Amino acid sequence: MNSKKILVRCCSIALIIMLVLTPLGCGNKEAPAETGRKEEPGEQHLVKVKAVFTDEQERKQIEVPYTPVKVTPQVQPYQVKKDLSNIVNLDQFGSFTVEQREHLARNGFVVIPSREEQLFYIYENNEYKKLPSFITTDSVLQVYHIFFDYSLRTLESEKLLVILEELTENMLQKSLLLYNAITNEELKQVVSKNLAFLAVAQQTLEKPLPADLPAAVKQMGQEEYQLVRSEKGFSPSAIFPYELDYSQYKPRGHYTRSEDLQRFFRTMMWYGQAPFPLYKDKEETIRNVEQTLQALLLTYSLFMENEGLPDIERWENIYDPTVFYVGNTDDLNVYHYKDLILKVYGADFDLNTLNDPAKLEALYKEAEKLPEPKIKAKYITVTTPVGKQFRFMGQRYIPDSEIIQELVEPLQRPIPSGLDVMGVLGSQRALELALEVLKAQEKWPKYLEMHQKYKEQFDQVPETTWRSNMYYGWLWVIKSLLKPFGEGYPSFMTNLAWVDKSLSTASGSWAQLRHDTILYGKQSGAECGGGEEPPQVKGYVEPNIPVYEKLLWLTQYSRTNLKERGIITGSLESKMERFEDLLQFLINCSVKQLNNEELTAEEYYQLLTYGGMLEYLTSSFAGDGMRWFEITSETDKNMAVIADVHTIAPGAYFHAGVGPAHEIYVVVPIGRQLQLTRGAVFSYYEFDATERFNDEQWQKMLKEDKAPDQPEWVESFISGEEKEVPVPSNPYSSGC
């Protein structure tokens with residue numbers, strides 16, 4: 001770290017004649033140095049405490065260029081006959097219901113539910129039955145989700161957990177040093193609460209508490225830990241003078257997959273959720289001095305010297321890579337409070353004067369310049385603070401949480417929708433559905449006004465911001481699904497039903513994004529080996545070039561910067577490169593299709609064996625070096641995921657999720673003929689519940705037919721129950 005270091009000495013603590021620095025981590029304290037007098041019985045050992053304040057490290061980020069393809073779509077419009085008689089290969093697919101046939105004739109496509117647990121199962125079945133595949137944007141978005149989730153959980157379990165354990169242990173020991181050094185009784189009481197706060201983290205890590213922890217502190221920390229493990233919702237805290245939402249500590253997302261990930265989840269959620277507010281009231285008129293002093297002392301403790309790697313670097317080594325995945329904290333952090341200490345108290349001060357009224361007055365004046373959080377819960381019945389506050393490892397600002405937060409109103413419109421997010425991100429159809437189906441404006445007369453305000457705000461977000469981290473980048477990809485297609489695109493893409501289908505895809509991918517980042521986001525195949533002559537089966541790629549281009553950029557950006565941070569291995573990097581090759585292939589096919597050019601036999605064969613490539617990439621990202629059948633987690637083998645994205649009220653939570661794969665049947669122009677193709681898409685769900693569900697519970701609900709219905713608006717393109725396509729007399733397998 002090449003930052004300037006400023007030495008801050010605590011040199012005036014009363015009664016200190018000579019102080020001895022006790023190294024951390026060794027467990028025993030050095031004897032007091034000779035002072036020229038005999039130490040009185042019972043006199044407390046006094047310890048030298050010294051903080052080395054450093055500037056925030058610069059986070060290197062490698063830019064990856066983005067150059068979109070220029071193409072003018074030239075596909076001639078076509079009409080499917082009402083009796084479907086101009087679809088040349090209709091007989092391959094067996095029978096359709098009357099309603100499904102009407103969808104095909106009117107819209108050129110229909111989505112039919114299935115119980116398949118992975119999208120690639122449908123594509124592999126296409127190969128076996130010699131059905132032409134329709135390659136969907138859903139299928140590649142699913143692959144990126146698998147990569148994102150797997151790489152993040154690997155980082156957390158293999159690298160960040162041990163750093164978190166070391167950081168927590170050291171912070172406990174250093175806070176004990178402060179507790180023994182400070183003579184100011186008010187401040188000693190404040191440090192005792194910090195010890196209890198850190199003791200909770202030590203317990204969520206399932207590590208022993210220090211033997212010399214004061215008994216009252218130990219009891220306070222244990223009581224709070226029991227609340228954390230209860231997972232029962234809003235309750236008065238044993239440490240803080242307000243209520244906390246203990247339901248947040250139920251492991252969800254990928255954190256249910258191992259005990260280590262559960263330990264990591266609870267500890268990081270504690271560090272991210274427990275607030276140290278500057279004020280006691282929402283109007284910010286009544287100062288919260290105790291929690292402000294706690295935050296200052298936690299910051300001071302973090303910067304105190306210790307043997308080996310400085311703890312601030314441990315903190316940064318957790319914070320920095322997760323910033324690249326999700327973004328910066330929405331609340332005030334240790335660097336904000338480090339700056340407050342230096343501006344108000346200077347580089348050399350007596351810790352016992354930290355609560356000096358004049359100094360606190362100056363500190364609160366400086367704190368007025370600090371930023372307010374963008375995401376503020378609109379609590380009415382609980383005392384949890386929502387304003388300007390310090391968090392030790394705060395949850396991150398994510399733009400969709402801000403959108404949801406501002407488009408709900410606790411009494412009139414408390415339950416949000418994914419349509420709120422998609423509307424602000426650019427979908428006119430989402431806004432129409434929010435007004436017509438959800439009656440958002442009728443429930444809350446300010447809905448349209450607030451929607452327009454935030455749409456204008458997000459319309460002005462520069463491209464550099466959309467390409468600033470993996471979270472923003474994923475949303476940037478999703479935005480490309482929200483614009484309708486016009487002249488020159490195949491006819492199935494130019495109707496309202498396709499707009500709805502794309503909105504469902506965008507919503508499903510957003511639900512996966514929220515699932516993968518549930519800890520950090522602040523709430524509101526095998527190679528082909530067959531020897532048989534391949535059949536002539538002509539598939540089709542959904543020609544949404546912007547999605548493939550932006551996802552290609554996002555994958556390259558992720559790979560380059562994760563490699564720079566030492567997060568991905570050579571093996572994972574090579575698999576990402578395979579995915580990039582696939583995305584480039586889909587771009588090339590899309591360009592040809594939009595230019596009315598026939599694909600080559602080799603390209604058609606790659607579309608035929610697409611399921612094998614999806615299986616290879618999915619299994620590679622879901623378990624490093626594994627084949628699909630070697631993955632032992634039944635939860636991981638099921639694509640259904642769930643995320644609680646908004647707390648409606650105490651005991652009520654809004655969820656967004658993805659269910660089993662659905663089949664999509666699309667009439668496409670190949671050559672001078674219309675052919676029917678089959679692909680796989682997401683099934684999107686959103687609902688409110690009185691419990692925060694994890695993936696295991698959600699998958700069980702789906703299997704037992706206890707899941708809520710999908711949103712009403714998907715009925716424009718979904719029809720009927722599961723459908724079985726007949727097996728031909730001579731099915732095919734490439735060996736993929």
# chains A, B, ... in the order shown; residues from 1 in each chain; ligands from 1
$ residues_around --residues "Val110 (chain A)" --least-positions-apart "2" --cutoff "12 Å" --atoms "only C-alpha atoms" --output "ChimeraX atom specification"
/A:96-108,112-113,492-493,497-498,500-501,662-667,676-681,714-721,723
$ closest_residue --among "A:Leu131, A:Leu342, A:Ala216, A:Lys70" --to "Asp91 (chain A)" --atoms "only C-alpha atoms"
A:Leu131
$ select_by_dssp --residues "region 79-243 of chain A" --states "strand (DSSP E)" --output "PyMOL selection string"
chain A and resi 109-113+134-135+234-236+243
$ atom_distance --atom1 "CA of Glu597 (chain A)" --atom2 "CA of Met576 (chain A)"
28.9 Å
$ residues_around --residues "Arg266 (chain A)" --least-positions-apart "5" --cutoff "12 Å" --atoms "only C-alpha atoms" --output "PyMOL selection string"
chain A and resi 161+164+200-206+225+227-231+246-252+255-256+259-261+271-274+518-520
$ closest_residue --among "A:Leu599, A:Val725, A:Ala430, A:Val289" --to "Glu361 (chain A)" --atoms "only C-alpha atoms"
A:Val289
$ atom_distance --atom1 "CA of Asp709 (chain A)" --atom2 "CA of Leu141 (chain A)"
23.3 Å
$ residues_around --residues "Ser237 (chain A)" --least-positions-apart "6" --cutoff "9 Å" --atoms "only C-alpha atoms" --output "VMD selection string"
chain A and resid 223 to 224 227 243 to 244
$ decode --residues "region 460-501 of chain A" --atoms "N, CA and C atoms" --output "short mmCIF file (atom, residue, chain, number, x, y, z; two decimals), in the first residue's frame"
data_model
loop_
_atom_site.label_atom_id
_atom_site.label_comp_id
_atom_site.auth_asym_id
_atom_site.auth_seq_id
_atom_site.Cartn_x
_atom_site.Cartn_y
_atom_site.Cartn_z
N GLN A 460 -30.21 9.03 -16.96
CA GLN A 460 -29.02 9.88 -17.01
C GLN A 460 -27.77 9.19 -16.45
N VAL A 461 -27.92 7.95 -15.98
CA VAL A 461 -26.75 7.22 -15.48
C VAL A 461 -25.80 6.97 -16.65
N PRO A 462 -24.54 7.41 -16.55
CA PRO A 462 -23.62 7.26 -17.69
C PRO A 462 -23.22 5.81 -17.94
N GLU A 463 -22.79 5.53 -19.17
CA GLU A 463 -22.36 4.19 -19.54
C GLU A 463 -21.23 3.70 -18.63
N THR A 464 -20.37 4.61 -18.21
CA THR A 464 -19.25 4.21 -17.35
C THR A 464 -19.74 3.63 -16.03
N THR A 465 -20.86 4.13 -15.53
CA THR A 465 -21.42 3.58 -14.29
C THR A 465 -21.99 2.19 -14.53
N TRP A 466 -22.72 2.01 -15.64
CA TRP A 466 -23.27 0.69 -15.95
C TRP A 466 -22.16 -0.34 -16.15
N ARG A 467 -20.95 0.12 -16.40
CA ARG A 467 -19.83 -0.81 -16.60
C ARG A 467 -18.81 -0.67 -15.47
N SER A 468 -19.27 -0.33 -14.27
CA SER A 468 -18.34 -0.05 -13.16
C SER A 468 -18.13 -1.22 -12.22
N ASN A 469 -19.03 -2.20 -12.18
CA ASN A 469 -18.83 -3.41 -11.38
C ASN A 469 -19.73 -4.50 -11.96
N MET A 470 -19.63 -5.70 -11.41
CA MET A 470 -20.36 -6.83 -11.98
C MET A 470 -21.87 -6.69 -11.77
N TYR A 471 -22.30 -6.10 -10.68
CA TYR A 471 -23.73 -5.94 -10.42
C TYR A 471 -24.34 -4.97 -11.42
N TYR A 472 -23.75 -3.79 -11.52
CA TYR A 472 -24.25 -2.82 -12.49
C TYR A 472 -24.20 -3.41 -13.90
N GLY A 473 -23.12 -4.15 -14.22
CA GLY A 473 -22.98 -4.73 -15.55
C GLY A 473 -24.08 -5.71 -15.87
N TRP A 474 -24.48 -6.51 -14.88
CA TRP A 474 -25.57 -7.48 -15.07
C TRP A 474 -26.88 -6.73 -15.36
N LEU A 475 -27.15 -5.67 -14.60
CA LEU A 475 -28.35 -4.87 -14.87
C LEU A 475 -28.29 -4.24 -16.26
N TRP A 476 -27.11 -3.85 -16.67
CA TRP A 476 -26.91 -3.27 -18.01
C TRP A 476 -27.30 -4.27 -19.10
N VAL A 477 -26.94 -5.54 -18.89
CA VAL A 477 -27.34 -6.59 -19.82
C VAL A 477 -28.86 -6.73 -19.82
N ILE A 478 -29.44 -6.76 -18.62
CA ILE A 478 -30.89 -6.93 -18.50
C ILE A 478 -31.64 -5.81 -19.23
N LYS A 479 -31.11 -4.60 -19.17
CA LYS A 479 -31.76 -3.47 -19.84
C LYS A 479 -31.96 -3.72 -21.33
N SER A 480 -31.10 -4.52 -21.94
CA SER A 480 -31.19 -4.79 -23.38
C SER A 480 -32.38 -5.69 -23.72
N LEU A 481 -33.02 -6.25 -22.72
CA LEU A 481 -34.21 -7.07 -22.95
C LEU A 481 -35.50 -6.26 -22.90
N LEU A 482 -35.39 -4.98 -22.58
CA LEU A 482 -36.58 -4.19 -22.25
C LEU A 482 -37.09 -3.30 -23.38
N LYS A 483 -36.41 -3.29 -24.51
CA LYS A 483 -36.84 -2.46 -25.64
C LYS A 483 -37.56 -3.32 -26.67
N PRO A 484 -38.69 -2.85 -27.21
CA PRO A 484 -39.39 -3.61 -28.25
C PRO A 484 -38.61 -3.62 -29.56
N PHE A 485 -38.85 -4.62 -30.37
CA PHE A 485 -38.18 -4.76 -31.67
C PHE A 485 -39.13 -4.34 -32.78
N GLY A 486 -38.58 -3.73 -33.81
CA GLY A 486 -39.40 -3.23 -34.89
C GLY A 486 -39.11 -3.88 -36.22
N GLU A 487 -39.25 -3.13 -37.27
CA GLU A 487 -39.11 -3.61 -38.64
C GLU A 487 -37.74 -4.23 -38.88
N GLY A 488 -37.74 -5.34 -39.61
CA GLY A 488 -36.50 -6.01 -39.95
C GLY A 488 -36.17 -7.18 -39.06
N TYR A 489 -36.85 -7.28 -37.91
CA TYR A 489 -36.67 -8.42 -37.02
C TYR A 489 -37.70 -9.48 -37.37
N PRO A 490 -37.41 -10.76 -37.05
CA PRO A 490 -38.39 -11.82 -37.33
C PRO A 490 -39.72 -11.51 -36.65
N SER A 491 -40.80 -11.91 -37.30
CA SER A 491 -42.14 -11.48 -36.87
C SER A 491 -42.48 -11.88 -35.45
N PHE A 492 -41.95 -13.01 -34.95
CA PHE A 492 -42.27 -13.43 -33.58
C PHE A 492 -41.77 -12.44 -32.55
N MET A 493 -40.79 -11.57 -32.93
CA MET A 493 -40.22 -10.62 -31.99
C MET A 493 -40.91 -9.26 -32.03
N THR A 494 -41.88 -9.07 -32.92
CA THR A 494 -42.43 -7.74 -33.13
C THR A 494 -43.84 -7.56 -32.58
N ASN A 495 -44.26 -8.45 -31.68
CA ASN A 495 -45.60 -8.32 -31.10
C ASN A 495 -45.52 -8.12 -29.59
N LEU A 496 -46.64 -7.77 -29.01
CA LEU A 496 -46.68 -7.46 -27.58
C LEU A 496 -46.37 -8.67 -26.72
N ALA A 497 -46.77 -9.86 -27.16
CA ALA A 497 -46.50 -11.07 -26.38
C ALA A 497 -45.00 -11.28 -26.22
N TRP A 498 -44.22 -10.96 -27.27
CA TRP A 498 -42.76 -11.11 -27.17
C TRP A 498 -42.16 -10.08 -26.21
N VAL A 499 -42.74 -8.90 -26.20
CA VAL A 499 -42.31 -7.90 -25.22
C VAL A 499 -42.50 -8.44 -23.81
N ASP A 500 -43.64 -9.10 -23.59
CA ASP A 500 -43.91 -9.68 -22.27
C ASP A 500 -42.95 -10.83 -21.97
N LYS A 501 -42.68 -11.65 -22.99
CA LYS A 501 -41.75 -12.77 -22.79
C LYS A 501 -40.36 -12.23 -22.42
#
